[in-house]
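Engineer: Next comes the structure file protein11.cif, holding mmCIF, N, CA and C atoms.
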data_model
#
loop_
_atom_site.label_atom_id
_atom_site.label_comp_id
_atom_site.auth_asym_id
_atom_site.auth_seq_id
_atom_site.Cartn_x
_atom_site.Cartn_y
_atom_site.Cartn_z
N MET G 1 -15.93 -6.80 4.97
CA MET G 1 -17.14 -6.70 4.16
C MET G 1 -16.79 -7.00 2.70
N ALA G 2 -17.61 -7.77 2.08
CA ALA G 2 -17.41 -8.08 0.67
C ALA G 2 -17.96 -6.94 -0.18
N LEU G 3 -17.40 -6.78 -1.34
CA LEU G 3 -17.87 -5.80 -2.30
C LEU G 3 -19.17 -6.32 -2.90
N THR G 4 -20.22 -5.52 -2.84
CA THR G 4 -21.52 -5.96 -3.35
C THR G 4 -21.78 -5.39 -4.75
N LEU G 5 -22.75 -5.98 -5.43
CA LEU G 5 -23.16 -5.46 -6.72
C LEU G 5 -23.67 -4.04 -6.57
N GLU G 6 -24.40 -3.77 -5.50
CA GLU G 6 -24.91 -2.41 -5.26
C GLU G 6 -23.76 -1.43 -5.10
N ASN G 7 -22.71 -1.81 -4.33
CA ASN G 7 -21.53 -0.94 -4.21
C ASN G 7 -20.94 -0.65 -5.59
N ALA G 8 -20.79 -1.70 -6.38
CA ALA G 8 -20.17 -1.56 -7.70
C ALA G 8 -21.00 -0.64 -8.60
N GLN G 9 -22.30 -0.83 -8.60
CA GLN G 9 -23.17 0.01 -9.43
C GLN G 9 -23.15 1.46 -8.97
N ASP G 10 -23.11 1.67 -7.65
CA ASP G 10 -23.02 3.03 -7.10
C ASP G 10 -21.70 3.69 -7.52
N MET G 11 -20.60 2.94 -7.47
CA MET G 11 -19.31 3.49 -7.86
C MET G 11 -19.31 3.88 -9.34
N ILE G 12 -19.91 3.06 -10.17
CA ILE G 12 -19.99 3.38 -11.59
C ILE G 12 -20.80 4.65 -11.81
N ALA G 13 -21.93 4.78 -11.14
CA ALA G 13 -22.75 5.98 -11.29
C ALA G 13 -21.99 7.22 -10.82
N THR G 14 -21.28 7.10 -9.71
CA THR G 14 -20.51 8.23 -9.19
C THR G 14 -19.38 8.62 -10.15
N ALA G 15 -18.69 7.63 -10.70
CA ALA G 15 -17.60 7.92 -11.64
C ALA G 15 -18.13 8.61 -12.90
N PHE G 16 -19.27 8.14 -13.42
CA PHE G 16 -19.87 8.80 -14.58
C PHE G 16 -20.24 10.25 -14.24
N ALA G 17 -20.81 10.47 -13.06
CA ALA G 17 -21.19 11.82 -12.64
C ALA G 17 -19.97 12.73 -12.54
N LYS G 18 -18.87 12.20 -11.99
CA LYS G 18 -17.64 12.99 -11.88
C LYS G 18 -17.09 13.31 -13.26
N GLY G 19 -17.13 12.35 -14.16
CA GLY G 19 -16.69 12.60 -15.53
C GLY G 19 -17.51 13.68 -16.20
N LYS G 20 -18.80 13.65 -15.99
CA LYS G 20 -19.68 14.67 -16.57
C LYS G 20 -19.38 16.03 -15.97
N GLU G 21 -19.20 16.07 -14.64
CA GLU G 21 -18.87 17.32 -13.94
C GLU G 21 -17.59 17.94 -14.50
N LEU G 22 -16.61 17.11 -14.80
CA LEU G 22 -15.31 17.59 -15.30
C LEU G 22 -15.29 17.79 -16.82
N GLY G 23 -16.38 17.41 -17.50
CA GLY G 23 -16.44 17.55 -18.95
C GLY G 23 -15.52 16.60 -19.69
N LEU G 24 -15.38 15.39 -19.17
CA LEU G 24 -14.47 14.42 -19.76
C LEU G 24 -15.07 13.72 -20.97
N ALA G 25 -14.20 13.09 -21.73
CA ALA G 25 -14.63 12.25 -22.85
C ALA G 25 -15.42 11.07 -22.29
N PRO G 26 -16.20 10.38 -23.13
CA PRO G 26 -16.99 9.23 -22.65
C PRO G 26 -16.11 8.17 -21.98
N LEU G 27 -16.56 7.71 -20.83
CA LEU G 27 -15.78 6.77 -20.03
C LEU G 27 -16.33 5.35 -20.12
N THR G 28 -15.43 4.40 -19.88
CA THR G 28 -15.80 3.02 -19.64
C THR G 28 -15.28 2.69 -18.26
N ILE G 29 -16.13 2.08 -17.44
CA ILE G 29 -15.81 1.85 -16.03
C ILE G 29 -16.10 0.40 -15.68
N VAL G 30 -15.13 -0.21 -14.99
CA VAL G 30 -15.32 -1.58 -14.51
C VAL G 30 -15.01 -1.62 -13.02
N VAL G 31 -15.73 -2.46 -12.31
CA VAL G 31 -15.44 -2.75 -10.90
C VAL G 31 -15.19 -4.26 -10.82
N LEU G 32 -14.01 -4.61 -10.31
CA LEU G 32 -13.65 -6.01 -10.12
C LEU G 32 -13.67 -6.34 -8.64
N ASP G 33 -13.99 -7.61 -8.31
CA ASP G 33 -13.91 -8.05 -6.92
C ASP G 33 -12.46 -8.40 -6.59
N ALA G 34 -12.21 -8.83 -5.38
CA ALA G 34 -10.84 -9.11 -4.93
C ALA G 34 -10.17 -10.23 -5.73
N GLY G 35 -10.96 -11.09 -6.36
CA GLY G 35 -10.41 -12.17 -7.18
C GLY G 35 -10.16 -11.76 -8.62
N GLY G 36 -10.44 -10.50 -8.94
CA GLY G 36 -10.23 -10.01 -10.30
C GLY G 36 -11.37 -10.30 -11.25
N HIS G 37 -12.53 -10.65 -10.70
CA HIS G 37 -13.71 -10.96 -11.53
C HIS G 37 -14.59 -9.73 -11.66
N VAL G 38 -15.21 -9.56 -12.81
CA VAL G 38 -16.07 -8.41 -13.06
C VAL G 38 -17.29 -8.46 -12.17
N LYS G 39 -17.47 -7.39 -11.42
CA LYS G 39 -18.67 -7.21 -10.60
C LYS G 39 -19.70 -6.39 -11.39
N ALA G 40 -19.19 -5.35 -12.08
CA ALA G 40 -20.05 -4.51 -12.91
C ALA G 40 -19.18 -3.77 -13.93
N LEU G 41 -19.75 -3.52 -15.10
CA LEU G 41 -19.05 -2.79 -16.14
C LEU G 41 -20.07 -1.99 -16.92
N ALA G 42 -19.70 -0.75 -17.26
CA ALA G 42 -20.58 0.09 -18.07
C ALA G 42 -19.75 0.95 -19.01
N ARG G 43 -20.29 1.15 -20.21
CA ARG G 43 -19.64 1.99 -21.22
C ARG G 43 -20.57 3.13 -21.59
N ALA G 44 -20.04 4.34 -21.57
CA ALA G 44 -20.83 5.48 -22.04
C ALA G 44 -21.01 5.37 -23.56
N ASP G 45 -22.05 5.98 -24.05
CA ASP G 45 -22.26 6.03 -25.50
C ASP G 45 -21.04 6.69 -26.14
N GLY G 46 -20.64 6.17 -27.28
CA GLY G 46 -19.55 6.78 -28.02
C GLY G 46 -18.16 6.28 -27.67
N THR G 47 -18.06 5.27 -26.81
CA THR G 47 -16.73 4.74 -26.49
C THR G 47 -16.32 3.70 -27.53
N SER G 48 -15.03 3.51 -27.67
CA SER G 48 -14.54 2.55 -28.66
C SER G 48 -14.62 1.13 -28.13
N THR G 49 -14.49 0.17 -29.02
CA THR G 49 -14.72 -1.23 -28.67
C THR G 49 -13.67 -1.83 -27.75
N LEU G 50 -12.48 -1.29 -27.71
CA LEU G 50 -11.42 -1.85 -26.87
C LEU G 50 -11.48 -1.33 -25.43
N ARG G 51 -12.29 -0.33 -25.18
CA ARG G 51 -12.32 0.31 -23.86
C ARG G 51 -12.64 -0.64 -22.70
N PRO G 52 -13.56 -1.59 -22.82
CA PRO G 52 -13.79 -2.50 -21.69
C PRO G 52 -12.53 -3.30 -21.33
N ASP G 53 -11.77 -3.71 -22.34
CA ASP G 53 -10.53 -4.44 -22.07
C ASP G 53 -9.49 -3.56 -21.39
N ILE G 54 -9.41 -2.29 -21.81
CA ILE G 54 -8.45 -1.37 -21.20
C ILE G 54 -8.80 -1.12 -19.75
N ALA G 55 -10.07 -0.81 -19.47
CA ALA G 55 -10.49 -0.56 -18.09
C ALA G 55 -10.25 -1.79 -17.23
N THR G 56 -10.58 -2.95 -17.75
CA THR G 56 -10.38 -4.19 -17.00
C THR G 56 -8.89 -4.44 -16.77
N GLY G 57 -8.06 -4.17 -17.77
CA GLY G 57 -6.62 -4.35 -17.62
C GLY G 57 -6.01 -3.45 -16.56
N LYS G 58 -6.52 -2.23 -16.45
CA LYS G 58 -6.04 -1.32 -15.41
C LYS G 58 -6.40 -1.87 -14.03
N ALA G 59 -7.66 -2.27 -13.85
CA ALA G 59 -8.11 -2.78 -12.55
C ALA G 59 -7.49 -4.13 -12.22
N TYR G 60 -7.43 -5.01 -13.21
CA TYR G 60 -6.88 -6.34 -12.99
C TYR G 60 -5.39 -6.27 -12.62
N GLY G 61 -4.65 -5.42 -13.30
CA GLY G 61 -3.24 -5.25 -12.99
C GLY G 61 -3.04 -4.80 -11.56
N ALA G 62 -3.89 -3.88 -11.10
CA ALA G 62 -3.80 -3.40 -9.72
C ALA G 62 -4.03 -4.54 -8.73
N ILE G 63 -5.06 -5.34 -8.96
CA ILE G 63 -5.36 -6.46 -8.07
C ILE G 63 -4.25 -7.52 -8.14
N ALA G 64 -3.86 -7.87 -9.34
CA ALA G 64 -2.86 -8.93 -9.52
C ALA G 64 -1.53 -8.60 -8.87
N MET G 65 -1.16 -7.33 -8.90
CA MET G 65 0.13 -6.92 -8.35
C MET G 65 0.01 -6.33 -6.95
N GLY G 66 -1.23 -6.07 -6.50
CA GLY G 66 -1.42 -5.48 -5.17
C GLY G 66 -0.97 -4.03 -5.10
N LEU G 67 -0.97 -3.37 -6.25
CA LEU G 67 -0.53 -1.98 -6.36
C LEU G 67 -1.48 -1.23 -7.29
N GLY G 68 -1.82 -0.01 -6.93
CA GLY G 68 -2.59 0.81 -7.85
C GLY G 68 -1.83 0.97 -9.16
N SER G 69 -2.54 1.23 -10.25
CA SER G 69 -1.88 1.24 -11.55
C SER G 69 -0.94 2.43 -11.74
N ARG G 70 -1.06 3.47 -10.92
CA ARG G 70 -0.07 4.55 -10.97
C ARG G 70 1.28 4.01 -10.51
N ALA G 71 1.29 3.18 -9.46
CA ALA G 71 2.54 2.57 -9.00
C ALA G 71 3.09 1.63 -10.07
N LEU G 72 2.21 0.92 -10.77
CA LEU G 72 2.66 0.05 -11.86
C LEU G 72 3.26 0.86 -13.00
N PHE G 73 2.66 2.01 -13.28
CA PHE G 73 3.18 2.92 -14.30
C PHE G 73 4.59 3.37 -13.93
N ASN G 74 4.76 3.79 -12.68
CA ASN G 74 6.09 4.22 -12.22
C ASN G 74 7.09 3.07 -12.29
N ARG G 75 6.64 1.90 -11.90
CA ARG G 75 7.52 0.72 -11.93
C ARG G 75 7.90 0.37 -13.37
N ALA G 76 6.96 0.54 -14.29
CA ALA G 76 7.25 0.25 -15.70
C ALA G 76 8.32 1.18 -16.25
N GLN G 77 8.35 2.41 -15.76
CA GLN G 77 9.38 3.34 -16.19
C GLN G 77 10.74 2.99 -15.59
N GLU G 78 10.72 2.53 -14.33
CA GLU G 78 11.95 2.21 -13.63
C GLU G 78 12.48 0.81 -13.99
N GLN G 79 11.57 -0.13 -14.15
CA GLN G 79 11.93 -1.52 -14.42
C GLN G 79 11.05 -2.09 -15.54
N PRO G 80 11.25 -1.61 -16.76
CA PRO G 80 10.36 -2.03 -17.85
C PRO G 80 10.38 -3.54 -18.10
N PHE G 81 11.52 -4.18 -17.92
CA PHE G 81 11.57 -5.62 -18.17
C PHE G 81 10.75 -6.40 -17.14
N PHE G 82 10.73 -5.91 -15.90
CA PHE G 82 9.93 -6.56 -14.87
C PHE G 82 8.44 -6.49 -15.22
N ILE G 83 7.96 -5.30 -15.54
CA ILE G 83 6.53 -5.14 -15.87
C ILE G 83 6.20 -5.92 -17.14
N GLN G 84 7.11 -5.93 -18.11
CA GLN G 84 6.89 -6.72 -19.32
C GLN G 84 6.76 -8.21 -18.97
N ALA G 85 7.61 -8.69 -18.05
CA ALA G 85 7.54 -10.09 -17.64
C ALA G 85 6.23 -10.37 -16.90
N MET G 86 5.82 -9.46 -16.03
CA MET G 86 4.56 -9.64 -15.30
C MET G 86 3.38 -9.64 -16.27
N ASN G 87 3.43 -8.79 -17.27
CA ASN G 87 2.37 -8.75 -18.27
C ASN G 87 2.33 -10.05 -19.07
N GLY G 88 3.50 -10.61 -19.33
CA GLY G 88 3.55 -11.91 -20.00
C GLY G 88 2.93 -13.00 -19.15
N LEU G 89 3.27 -13.01 -17.85
CA LEU G 89 2.67 -13.99 -16.94
C LEU G 89 1.15 -13.83 -16.86
N ALA G 90 0.70 -12.58 -16.98
CA ALA G 90 -0.74 -12.29 -16.91
C ALA G 90 -1.41 -12.42 -18.29
N LYS G 91 -0.69 -13.00 -19.23
CA LYS G 91 -1.21 -13.22 -20.59
C LYS G 91 -1.63 -11.91 -21.27
N GLY G 92 -0.83 -10.85 -21.01
CA GLY G 92 -1.05 -9.57 -21.67
C GLY G 92 -2.20 -8.75 -21.12
N SER G 93 -2.71 -9.10 -19.94
CA SER G 93 -3.90 -8.42 -19.43
C SER G 93 -3.61 -7.23 -18.52
N LEU G 94 -2.35 -6.89 -18.27
CA LEU G 94 -2.03 -5.73 -17.43
C LEU G 94 -1.95 -4.47 -18.28
N VAL G 95 -2.56 -3.41 -17.80
CA VAL G 95 -2.43 -2.10 -18.45
C VAL G 95 -1.84 -1.16 -17.39
N PRO G 96 -0.51 -1.01 -17.38
CA PRO G 96 0.16 -0.28 -16.30
C PRO G 96 0.20 1.24 -16.51
N VAL G 97 -0.97 1.85 -16.50
CA VAL G 97 -1.09 3.31 -16.55
C VAL G 97 -2.14 3.73 -15.53
N PRO G 98 -2.10 4.97 -15.03
CA PRO G 98 -3.09 5.40 -14.04
C PRO G 98 -4.53 5.21 -14.52
N GLY G 99 -5.38 4.91 -13.55
CA GLY G 99 -6.80 4.67 -13.84
C GLY G 99 -7.28 3.36 -13.27
N GLY G 100 -6.39 2.56 -12.70
CA GLY G 100 -6.74 1.33 -11.99
C GLY G 100 -6.47 1.55 -10.51
N VAL G 101 -7.54 1.63 -9.73
CA VAL G 101 -7.42 2.01 -8.33
C VAL G 101 -7.97 0.89 -7.44
N LEU G 102 -7.14 0.47 -6.50
CA LEU G 102 -7.57 -0.56 -5.55
C LEU G 102 -8.64 -0.02 -4.62
N ILE G 103 -9.58 -0.89 -4.26
CA ILE G 103 -10.60 -0.59 -3.25
C ILE G 103 -10.16 -1.31 -1.98
N ARG G 104 -9.92 -0.54 -0.95
CA ARG G 104 -9.48 -1.13 0.32
C ARG G 104 -10.52 -0.87 1.41
N GLU G 105 -10.60 -1.86 2.30
CA GLU G 105 -11.40 -1.71 3.51
C GLU G 105 -10.59 -2.34 4.63
N ASP G 106 -10.33 -1.56 5.69
CA ASP G 106 -9.48 -2.03 6.79
C ASP G 106 -8.17 -2.59 6.25
N ASP G 107 -7.58 -1.90 5.30
CA ASP G 107 -6.31 -2.25 4.66
C ASP G 107 -6.37 -3.46 3.72
N ALA G 108 -7.46 -4.21 3.74
CA ALA G 108 -7.59 -5.37 2.85
C ALA G 108 -8.07 -4.91 1.48
N ILE G 109 -7.53 -5.54 0.43
CA ILE G 109 -7.99 -5.27 -0.93
C ILE G 109 -9.29 -6.04 -1.15
N ILE G 110 -10.37 -5.31 -1.45
CA ILE G 110 -11.65 -5.97 -1.70
C ILE G 110 -12.08 -5.85 -3.16
N GLY G 111 -11.27 -5.16 -3.96
CA GLY G 111 -11.59 -5.02 -5.37
C GLY G 111 -10.78 -3.89 -5.99
N ALA G 112 -11.19 -3.51 -7.19
CA ALA G 112 -10.53 -2.40 -7.89
C ALA G 112 -11.51 -1.80 -8.89
N VAL G 113 -11.30 -0.51 -9.15
CA VAL G 113 -12.04 0.19 -10.21
C VAL G 113 -11.05 0.51 -11.31
N GLY G 114 -11.44 0.24 -12.54
CA GLY G 114 -10.64 0.61 -13.70
C GLY G 114 -11.46 1.51 -14.60
N ILE G 115 -10.85 2.61 -15.01
CA ILE G 115 -11.55 3.57 -15.86
C ILE G 115 -10.66 3.97 -17.02
N THR G 116 -11.26 4.12 -18.19
CA THR G 116 -10.57 4.59 -19.38
C THR G 116 -11.52 5.46 -20.19
N GLY G 117 -10.93 6.32 -21.00
CA GLY G 117 -11.73 7.16 -21.89
C GLY G 117 -11.18 8.56 -22.02
N ASP G 118 -10.62 9.09 -20.96
CA ASP G 118 -10.03 10.43 -20.99
C ASP G 118 -8.53 10.26 -20.72
N THR G 119 -7.86 11.28 -20.21
CA THR G 119 -6.46 11.09 -19.84
C THR G 119 -6.40 10.13 -18.66
N SER G 120 -5.29 9.46 -18.51
CA SER G 120 -5.14 8.52 -17.39
C SER G 120 -5.31 9.23 -16.06
N ASP G 121 -4.80 10.45 -15.93
CA ASP G 121 -4.95 11.20 -14.68
C ASP G 121 -6.42 11.48 -14.38
N ASN G 122 -7.18 11.87 -15.40
CA ASN G 122 -8.61 12.13 -15.19
C ASN G 122 -9.37 10.84 -14.90
N ASP G 123 -9.00 9.76 -15.58
CA ASP G 123 -9.62 8.46 -15.28
C ASP G 123 -9.43 8.13 -13.80
N GLU G 124 -8.21 8.33 -13.31
CA GLU G 124 -7.88 8.04 -11.92
C GLU G 124 -8.68 8.91 -10.95
N ILE G 125 -8.85 10.18 -11.25
CA ILE G 125 -9.64 11.08 -10.41
C ILE G 125 -11.05 10.54 -10.25
N CYS G 126 -11.65 10.09 -11.35
CA CYS G 126 -13.02 9.56 -11.29
C CYS G 126 -13.08 8.28 -10.47
N ALA G 127 -12.08 7.42 -10.59
CA ALA G 127 -12.05 6.17 -9.82
C ALA G 127 -11.92 6.46 -8.32
N ILE G 128 -11.02 7.35 -7.97
CA ILE G 128 -10.82 7.70 -6.55
C ILE G 128 -12.10 8.28 -5.97
N THR G 129 -12.72 9.20 -6.70
CA THR G 129 -13.98 9.80 -6.24
C THR G 129 -15.05 8.74 -6.01
N ALA G 130 -15.17 7.81 -6.94
CA ALA G 130 -16.18 6.76 -6.84
C ALA G 130 -15.96 5.89 -5.61
N ILE G 131 -14.71 5.49 -5.39
CA ILE G 131 -14.39 4.60 -4.27
C ILE G 131 -14.62 5.30 -2.94
N GLU G 132 -14.12 6.53 -2.83
CA GLU G 132 -14.25 7.25 -1.55
C GLU G 132 -15.70 7.64 -1.27
N THR G 133 -16.46 7.98 -2.30
CA THR G 133 -17.88 8.31 -2.10
C THR G 133 -18.65 7.09 -1.59
N ALA G 134 -18.21 5.90 -1.99
CA ALA G 134 -18.86 4.65 -1.54
C ALA G 134 -18.44 4.27 -0.12
N GLY G 135 -17.52 5.03 0.48
CA GLY G 135 -17.12 4.77 1.86
C GLY G 135 -15.92 3.87 2.02
N PHE G 136 -15.19 3.62 0.93
CA PHE G 136 -14.01 2.78 0.98
C PHE G 136 -12.75 3.63 0.84
N THR G 137 -11.60 3.02 0.98
CA THR G 137 -10.33 3.71 0.81
C THR G 137 -9.80 3.41 -0.59
N ALA G 138 -9.44 4.47 -1.30
CA ALA G 138 -8.89 4.34 -2.64
C ALA G 138 -7.37 4.29 -2.56
N ASP G 139 -6.78 3.37 -3.29
CA ASP G 139 -5.32 3.22 -3.34
C ASP G 139 -4.89 3.22 -4.80
N ALA G 140 -4.49 4.40 -5.28
CA ALA G 140 -4.10 4.55 -6.67
C ALA G 140 -2.65 4.17 -6.91
N GLY G 141 -1.90 4.03 -5.82
CA GLY G 141 -0.49 3.69 -5.96
C GLY G 141 0.35 4.91 -5.82
#
As structure tokens, please, write out the structure in this file.
Structural biologist:
Amino acid sequence: MALTLENAQDMIATAFAKGKELGLAPLTIVVLDAGGHVKALARADGTSTLRPDIATGKAYGAIAMGLGSRALFNRAQEQPFFIQAMNGLAKGSLVPVPGGVLIREDDAIIGAVGITGDTSDNDEICAITAIETAGFTADAG
């Protein structure tokens, strides 16, 4: 099944609701398709101007590397030169910190959610909740 605009919008609404439930700072949320293209993006009031790029970098890095951004974060600590090289190849668009979660269906990657605005761990919680509530499997790495 392909990721639909409706799926993406539902995931964004769910992530915002989870952020509100947890009392988080204003979030920016992006949903990318399997090709790394923006399906939907939304910014809460009060977010800074760089937040869409950060959220997209988290999700794009996950898709580009086939690993949730938590795994990329761990890899960056273990092999910083490798992640630096991958970020160079990606023209600086990878953000290797938690909050970029792959969307899987039947083990296939069909997209990713990237969230920024609060701590990376809280961003990741909101992404996982959004993906699983939509009926997909979340892969944070």
Engineer: Could you list, as a list of chain:residue names, every residue within 8 Å of range 90-95 of chain G, counting only C-alpha atoms and ignoring same-chain residues fewer than 4 positions away?
Structural biologist: G:Ile54, G:Gly57, G:Lys58, G:Tyr60, G:Gly61, G:Ser69, G:Met86
Engineer: So which bits of range 28-138 of chain G end up alpha helix (DSSP H) when you DSSP the backbone, as JSON, numbers by chain?
Structural biologist: {"G": [51, 52, 53, 54, 55, 56, 57, 58, 59, 60, 61, 62, 63, 64, 65, 69, 70, 71, 72, 73, 74, 75, 76, 77, 78, 80, 81, 82, 83, 84, 85, 86, 87, 88, 89, 120, 121, 122, 123, 124, 125, 126, 127, 128, 129, 130, 131, 132, 133]}
Engineer: From the options G:Leu27, G:Thr137, G:Pro96, G:Arg104, which residue's atoms come nearest to Arg75 in chain G, counting only N, CA and C atoms?
Structural biologist: G:Pro96
Engineer: Apply the PyMOL selection byres (((chain G and resi 59 and name CA) around 10) and name CA) to the displayed file and report the matching residues as a ChimeraX atom specification.
Structural biologist: /G:29-33,36-38,53-58,60-64,67-69,93-96,98-103,111-115
Engineer: To one decimal in Å, tell me the separation between atom N of Ala40 in chain G and CA of Leu5 in chain G.
Structural biologist: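 Between these atoms lies a distance of 6.7 Å.
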Engineer: Rank nothing, just name the residue among G:Thr28, G:Ala15, G:Gln9, G:Gln77 nearest to Ile131 in chain G, using only N, CA and C atoms.
Structural biologist: G:Ala15
Engineer: Would you translate the PyMOL selection byres (((chain G and resi 14 and name CA) around 9) and name CA) into the concrete set of residues it matches in this file, as JSON, numbers by chain?
Structural biologist: {"G": [9, 10, 11, 12, 13, 15, 16, 17, 18, 19, 126, 127, 129, 130, 131, 133, 134]}
Engineer: Let me know the centre plus edge lengths, in Å and rounded to one decimal, of a box with edges along x, y and z that contains all listed atoms of range 5-21 of chain G and is padded by 3 Å on every side, as AutoDock Vina command-line options.
Structural biologist:
--center_x -20.8 --center_y 6.0 --center_z -10.4 --size_x 14.2 --size_y 29.9 --size_z 18.4
Engineer: Which distance in Å separates CA of Ala2 in chain G and atom N of Asp139 in chain G, to one decimal?
Structural biologist: 16.1 Å
Engineer: Quick one: pull the distance between CA of Gly23 in chain G and CA of Gly135 in chain G, Å, one decimal.
Structural biologist: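 CA of Gly135 in chain G lies at a distance of 24.4 Å from CA of Gly23 in chain G.
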Engineer: Between G:Met65, G:Ala108, G:Asn7, G:Arg70, which one has atoms that come closest to Leu89 in chain G, using only C-alpha atoms?
Structural biologist: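 Between G:Met65, G:Ala108, G:Asn7, G:Arg70, the residue approaching Leu89 in chain G most closely is G:Met65.
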Engineer: Select from range 26-128 of chain G everything DSSP, run on the backbone, classes as strand (DSSP E or B), then give the selection as a list in words.
Structural biologist: Thr28, Ile29, Val30, Val31, Leu32, Asp33, Val38, Lys39, Ala40, Leu41, Ala42, Arg43, Gly100, Val101, Leu102, Ile103, Arg104, Glu105, Ala108, Ile109, Ile110, Gly111, Ala112, Val113, Gly114, Ile115 and Thr116 of chain G
